[in-house]
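> Below you'll find the structure I mean.
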Protein chains: 2
Amino acid sequence: MPSYKAPVQDTLFILNEVLGLTRYAALPTFTEATPDLVAAILAEGGKFAEEVLQPINQIGDSHGCTRSPEGVVSTAPGFREAYQQFTEAGWGALAGNPAFGGQGLPHLVASALEEYFISANMAFTMYPMLTLGAIAAIEAVGSAEQQALFIPPMLEGRWSGTMNLTEPHCGTDLGLLRTRAEPQADGSYHITGTKIFISSGEHDMTENIIHLVLAKMPDSPDSVKGISLFIVPKVNVNADGSLGARNAVSCGNLEKKMGIHGNATCVMNYDGATAYLVGERDKGLRAMFIMMNAARLGVGVQGLGQSEVATQNAAQYARERVQGRALTGPKNAAGKADPIIVHPDVRRMLMNNRAFNEGARALMLWGALQVDLAQVAATPEDRQHADDLIGLLTPVIKGYFTDKGYENATNAQQCLGGHGYVREWGMEQFVRDARIAMIYEGTNGIQALDLVGRKLPLNGGRALRGWLTEIETALNVSSAESRLQPITDGLRRALGDLHGATQWLMRNALTQPDNAAAGSMAYLHLMGLVALGHQWLLMAGAALAALDGAPADATFYENKLITARYFASHQLPETAVHRARVEAGAANMMALDAASF
Amino acid sequence: MPSYKAPVQDTLFILNEVLGLTRYAALPTFTEATPDLVAAILAEGGKFAEEVLQPINQIGDSHGCTRSPEGVVSTAPGFREAYQQFTEAGWGALAGNPAFGGQGLPHLVASALEEYFISANMAFTMYPMLTLGAIAAIEAVGSAEQQALFIPPMLEGRWSGTMNLTEPHCGTDLGLLRTRAEPQADGSYHITGTKIFISSGEHDMTENIIHLVLAKMPDSPDSVKGISLFIVPKVNVNADGSLGARNAVSCGNLEKKMGIHGNATCVMNYDGATAYLVGERDKGLRAMFIMMNAARLGVGVQGLGQSEVATQNAAQYARERVQGRALTGPKNAAGKADPIIVHPDVRRMLMNNRAFNEGARALMLWGALQVDLAQVAATPEDRQHADDLIGLLTPVIKGYFTDKGYENATNAQQCLGGHGYVREWGMEQFVRDARIAMIYEGTNGIQALDLVGRKLPLNGGRALRGWLTEIETALNVSSAESRLQPITDGLRRALGDLHGATQWLMRNALTQPDNAAAGSMAYLHLMGLVALGHQWLLMAGAALAALDGAPADATFYENKLITARYFASHQLPETAVHRARVEAGAANMMALDAASF
């Protein structure tokens with residue numbers, strides 16, 4: 001049976017000692033987020049993840065969701081009860097707008113907890129995560145009436161939310177979508193069409209489900225410029241917020257999937273369902289992207305969360321399983337064999353994962369801080385800078401974290417040998433669950449295109465320059481500290497690769513866009529490595545500062561320095577091959593005739 | 001529904017134009033393997049894979065194996081019938097010793113077919129593959145009576161075979177095993193113990209199952225030096241080959257696994273089962289390794305086979321699914337969107353896979369040729385050289401092919417987006433099936449240790465020198481050909497990394513063995529890349545030679561050159577990071593206290 005322990009100490013180290021949370025205390029939403037309160041929330045949320053969510057994770061996988069012939073979907077045993085506890089504790093409303101009943105805390109705090117919930121039970125956590133995405137869209141573009149009617153019960157957890165984009169013949173290319181919205185005399189619409197892959201599309205945990213649906217009006221352009229966003233409640237909502245009759249939307253089928261069995265992935269049939277336009281007509285894609293960008297960060301956290309929990313279980317196995325002897329002589333001389341953690345190749349997998357997990361946690365929280373600062377920083381320049389940074393890094397956090405999440409879950413599974421392949425140890429579930437995160441909310445290939453094709457050139461490259469300046473600053477601050485040299489040296493080399501790859505793209509991709517797309521995934525990974533290197537430098541600096549103060553838990557800080565050096569010696573050198581791939585261009589990649597495949 | 005087409009043309013190109021099969025026509029076993037006969041066998045075997053094995057692959061996955069309360073195991077619908085056809089066609093006896101009813105063809109031909117069978121249905125193919133491993137062990141160390149009694153019905157396919165090594169508390173470290181063999185007055189033994197993860201351990205496809213079991217005699221050393229190998233028939237065999245009473249061995253449970261559901265992975269209980277010593281007492285591990293080495297090559301082919309079939313299905317989807325427009329302008333102007341194969345990032349995945357599949361097929365067949373030559377080459381020196389080469393490359397073929405097989409199956413799945421994650425398309429099965437190959441027959445970490453700790457230093461590094469000489473020869477032959485320069489340049493650079501990493505190990509690992517183990521996986525991948533680069537150079541040379549003769553199918557050869565260049569520009573540069581990892585050593589990897597994980 002797998003287990004999970006929320007890494008509260010590590011989160012607090014990042015929040016307090018790396019990001020310096022108290023520096024922001026004067027800003028709205030941060031005012032009440034005192035170190036003590038944040039520590040208490042993380043401890044409580046971690047306990048909830050460990051004690052309520054984790055124990056039903058394997059049950060969700062083996063039991064899955066079931067659909068009755070009438071389209072009623074039941075979640076796995078324990079999910080309803082856990083959801084009840086989740087909403088009672090208010091975990092879904094932490095960063096919600098107080099105007100609608102939210103607790104108004106920084107996204108930063110909510111993101112820290114999100115990692116714990118995902119590690120403990122990714123399929124479960126998708127239900128409230130999608131609700132938060134739907135709230136974000138309604139809050140951004142909905143009318144005051146829509147906000148007042150829909151957001152409070154969603155923040156409360158009484159109602160949940162979904163995103164309905166994909167159709168059988170179209171996913172990435174939403175211009176092709178066929179779902180129609182017919183205007184009605186009362187200002188509402190009737191929506192008809194089929195949506196697939198709808199996470200949390202139907203279930204038994206809430207009174208109502210608020211579907212956000214992309215559809216086309218009859219007289220709109222037949223392209224992405226003719227897509228509007230609609231609210232379609234599962235149960236119609238009266239003006240006073242009470243529930244009316246069931247709407248003409250139903251779950252036609254549950255997808256049989258590789259993983260996340262605990263989440264109901266639905267085919268949704270809209271048969272003239274009553275719908276309400278959200279935001280401007282034909283501008284639905286823009287509204288959906290507000291939701292999507294938040295969701296992409298959340299999916300990035302899924303990569304981290306699965307890597308973390310898989311690593312914890314692999315490490316525990318590696319400490320306990322005895323097999324063979326250390327090459328450097330017995331470490332458990334009284335026993336017949338040593339624990340396998342003495343073997344360098346087992347360590348390699350654990351250290352790879354650890355270096356990612358801690359680095360990614362720092363980057364994820366740094367990113368969540370930018371989300372907050374983009375809204376509440378003191379000056380327009382500061383808000384713009386934060387928005388630039390998170391816009392640039394969102395595809396990296398989504399794409400790099402989820403590629404690594406899957407790779408690391410696989411490595412963790414490998415530590416258990418054959419026991420990793422059988423169900424009872426739970427390792428193979430982490431792999432299967434982690435796999436989806438590379439695909440949904442825009443495949444990682446789409447993230448890479450977004451990064452290279454849109455985010456890099458935006459505003460003349462302002463975001464990249466702003467980010468690189470932050471890294472240069474960190475390098476300059478650290479350059480006098482010889483104990484950081486292995487890390488600063490590695491990061492400088494990696495940064496050289498990033499500069500080289502960027503310049504190559506500037507010279508070769510403007511006239512030949514295939515060169516940008518061909519190198520986009522390599523560029524995304526290159527940037528992910530530099531971003532983690534940056535965070536490792538910041539963490540190593542904070543660890544040194546702490547050690548200079550002779551802290552009680554010196555081992556924690558010394559381990560940070562060791563892991564930072566490992567990241568620099570074993571992970572950062574990868575940037576060279578990513579640069580080589582970018583610079584190899586599209587010619588050999590595109591030369592074959594499509595028919596030859 | 002996934003499909004499969006055996007790549008017969010590619011296999012024949014490698015056999016005839018790259019390896020030059022006719023050069024070996026004078027050698028035993030090769031005499032009858034004329035190009036025409038081989039082509040006919042491959043065509044027929046390919047058809048069998050496509051039409052008999054592939055159609056039941058998804059059924060095997062969804063249905064799995066079932067075990068009655070009495071321990072009777074039933075395979076999935078269609079498996080018995082397919083096995084019947086398999087044995088009637090004699091597919092399992094192709095390379096078998098004619099003295100025992102085999103067809104006496106080269107292993108090379110059997111290996112070529114093995115790839116097709118694995119691509120079509122990996123779980124099914126494990127049944128006959130394990131039988132071949134058991135035959136190899138009995139043929140190598142069994143008595144004349146044992147060979148005569150057991151091998152003919154196994155070659156015929158009437159009986160199957162298994163390998164029984166792992167126990168609940170021991171896998172890699174067989175010195176810990178607890179299964180006991182008690183000598184009996186009649187010269188037989190009674191075996192008692194529990195073995196786990198036994199592939200094909202119990203099923204309904206053959207009259208009998210011959211278990212090869214590792215166990216300890218009461219007075220033997222309690223270490224790897226006290227392990228003996230035994231034959232334990234499921235049904236006792238009389239001296240005339242007829243079946244007697246059921247033996248005291250039974251399937252206690254079927255493992256619930258991530259994949260290969262069509263294969264019965266059993267907990268086997270031995271309750272004083274009648275057993276016969278095979279080979280010398282206490283020398284069981286050596287005998288088991290004969291079986292294991294052949295099996296490791298077969299597992300390597302599993303990596304290739306899953307990568308190949310997954311790539312075929314991804315390519316078909318990419319040619320047919322329309323979504324978005326090519327960055328270079330519409331390629332399907334009449335339609336609303338272009339097929340996704342126009343997008344460079346989709347191409348990247350397909351080309352990565354293709355460059356591996358074709359390169360790995362060449363290396364696999366080159367390896368199979370060495371297996372043959374080690375037995376039948378004209379001089380002892382030639383036989384020794386071939387044995388050196390295949391000994392050195394076996395861990396690379398097992399480890400590198402299976403790591404890549406899983407990675408490529410994952411990439412192929414990614415090409416389908418959300419459709420890759422749901423069961424009906426069959427892509428996620430390829431990933432789940434491919435995953436086991438990295439684990440069994442010695443985890444890939446063990447392969448890496450075998451390579452760096454045993455195969456490299458063996459006989460003063462003779463095998464590595466012999467192999468490098470072959471590569472240098474190929475480079476020298478090609479150096480005058482400017483059309484090969486992108487490939488020769490890339491291979492020379494990669495070879496430089498291999499030399500550098502090897503020298504670093506020689507200087508730093510002898511006194512500090514952790515340095516060898518810490519870099520072993522990187523070294524294995526580095527060697528895998530160089531080995532594929534070598535094969536790509538040979539294939540590109542053969543393609544050029546063919547093109548100079550103005551062949552009918554010029555596209556086939558031109559595609560070889562393009563793919564060779566892609567391998568050189570996009571894959572080979574990876575050697576640099578593997579070298580950097582080797583040279584980074586063990587210090588940062590091993591510095592953390594075990595308790596800190």
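Lettering and numbering for the structure tokens are positional, with chains as A, B, ... in the shown order, residues counted from 1 in each chain, and ligands counted from 1 in the shown order.
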Taking only C-alpha atoms into account, find every residue of chain B that has an atom no more than 7 Å from chain A, and write it out as a PyMOL selection string.
chain B and resi 170+172-173+255-258+315+319+323-324+327-328+341+344-345+347-348+351+414+417-418+421-423+428+436+439-440+443+445+513-514+517-518+559+562+565-566+569-570+573-574+577+580-581+584+588-592+594+597
> Excluding same-chain residues fewer than 2 positions from region 94-104 of chain B, what lies within 6 Å of it counting only C-alpha atoms, as an mmCIF file with all heavy atoms, in the first residue's frame?

data_model
loop_
_atom_site.group_PDB
_atom_site.id
_atom_site.type_symbol
_atom_site.label_atom_id
_atom_site.label_comp_id
_atom_site.auth_asym_id
_atom_site.auth_seq_id
_atom_site.Cartn_x
_atom_site.Cartn_y
_atom_site.Cartn_z
ATOM 1 N N THR B 29 23.951 -24.206 -40.697
ATOM 2 C CA THR B 29 22.682 -23.505 -40.412
ATOM 3 C C THR B 29 22.396 -22.417 -41.447
ATOM 4 O O THR B 29 21.237 -22.120 -41.715
ATOM 5 C CB THR B 29 22.571 -22.851 -39.000
ATOM 6 O OG1 THR B 29 23.333 -21.652 -38.952
ATOM 7 C CG2 THR B 29 22.980 -23.802 -37.895
ATOM 8 N N TRP B 91 6.537 -22.334 -35.950
ATOM 9 C CA TRP B 91 7.256 -21.078 -35.705
ATOM 10 C C TRP B 91 8.215 -21.181 -34.528
ATOM 11 O O TRP B 91 9.218 -20.478 -34.472
ATOM 12 C CB TRP B 91 6.278 -19.921 -35.490
ATOM 13 C CG TRP B 91 5.445 -19.582 -36.693
ATOM 14 C CD1 TRP B 91 4.090 -19.517 -36.756
ATOM 15 C CD2 TRP B 91 5.922 -19.254 -38.014
ATOM 16 N NE1 TRP B 91 3.678 -19.179 -38.026
ATOM 17 C CE2 TRP B 91 4.787 -19.014 -38.816
ATOM 18 C CE3 TRP B 91 7.196 -19.161 -38.591
ATOM 19 C CZ2 TRP B 91 4.880 -18.675 -40.166
ATOM 20 C CZ3 TRP B 91 7.286 -18.830 -39.931
ATOM 21 C CH2 TRP B 91 6.145 -18.581 -40.705
ATOM 22 N N GLY B 92 7.904 -22.038 -33.583
ATOM 23 C CA GLY B 92 8.773 -22.147 -32.408
ATOM 24 C C GLY B 92 10.002 -23.009 -32.639
ATOM 25 O O GLY B 92 10.898 -23.051 -31.793
ATOM 26 N N PRO B 106 19.229 -20.330 -39.041
ATOM 27 C CA PRO B 106 19.984 -19.402 -38.178
ATOM 28 C C PRO B 106 19.065 -18.685 -37.176
ATOM 29 O O PRO B 106 17.898 -18.425 -37.468
ATOM 30 C CB PRO B 106 20.573 -18.388 -39.172
ATOM 31 C CG PRO B 106 20.556 -19.064 -40.496
ATOM 32 C CD PRO B 106 19.366 -19.994 -40.468
ATOM 33 N N HIS B 107 19.628 -18.356 -36.021
ATOM 34 C CA HIS B 107 18.906 -17.536 -35.040
ATOM 35 C C HIS B 107 18.469 -16.224 -35.657
ATOM 36 O O HIS B 107 17.446 -15.644 -35.277
ATOM 37 C CB HIS B 107 19.812 -17.249 -33.845
ATOM 38 C CG HIS B 107 20.048 -18.444 -32.999
ATOM 39 N ND1 HIS B 107 19.088 -18.939 -32.146
ATOM 40 C CD2 HIS B 107 21.116 -19.271 -32.904
ATOM 41 C CE1 HIS B 107 19.566 -20.021 -31.542
ATOM 42 N NE2 HIS B 107 20.790 -20.253 -31.984
ATOM 43 N N PRO B 152 12.371 -32.369 -27.539
ATOM 44 C CA PRO B 152 11.484 -32.535 -28.711
ATOM 45 C C PRO B 152 10.041 -32.060 -28.485
ATOM 46 O O PRO B 152 9.536 -31.264 -29.302
ATOM 47 C CB PRO B 152 11.579 -34.030 -29.014
ATOM 48 C CG PRO B 152 12.940 -34.414 -28.508
ATOM 49 C CD PRO B 152 13.128 -33.598 -27.261
#
> With only C-alpha atoms as the counted atoms, please give the residues lying no more than 9 Å from Gly300 (chain A), apart from itself and same-chain residues fewer than 2 positions off, as a list in words.
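Near Gly300 (chain A), the qualifying residues are Ala295, Arg296, Leu297, Gly298, Gln302, Gly303, Leu304, Gly305, Met364, Thr394, Pro395, Val396, Ile397, Lys398, Gly399, Tyr400, Phe401, Thr402, Gly405, Ala437 and Met438 of chain A.
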> Among region 159-396 of chain A, which ones does DSSP assign to alpha helix (DSSP H) (computed from the backbone)? Answer as a PyMOL selection string.
chain A and resi 284-320+344-376+380-396
> Find, counting only C-alpha atoms, the residue in A:Asn293, A:Asn208, A:Thr87, A:Asn263 that gets nearest to Leu243 (chain A).
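Counting only C-alpha atoms, the residue closest to Leu243 (chain A) is A:Asn208.
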> Of the candidates B:Met217, B:Val18, B:Ala362, B:Ala148, which one gets nearest to Thr179 (chain B) if we count only C-alpha atoms?
B:Met217
> For CA of Thr131 (chain B) and CA of Tyr189 (chain B), determine how far apart the two atoms are, in Å to one decimal place.
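Distance reported for this atom pair: 22.4 Å.
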> So which residues touch region 65-76 of chain B within 7 Å, counting only C-alpha atoms, skipping near sequence neighbours fewer than 3 positions away, as a PyMOL selection string?
chain B and resi 59-60+79+202-204+250-252+254+261-264
> Measuring between only C-alpha atoms, which one of B:Ala310, B:Val237, B:Ala136, B:Ala434 shows the shortest distance to Ala123 (chain B)?
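Distance minimum relative to Ala123 (chain B) lands on B:Ala434.
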> Enter the distance from CA of Met122 (chain A) to CA of Gln54 (chain A), in Å, rounded to one decimal.
9.3 Å
> Run DSSP on the backbone and tell me which residues of region 120-343 of chain A come out as strand (DSSP E); list them as a ChimeraX atom specification.
/A:159-164,180-183,189-199,208-216,227-233,235-237,243-246,249-254,265-278
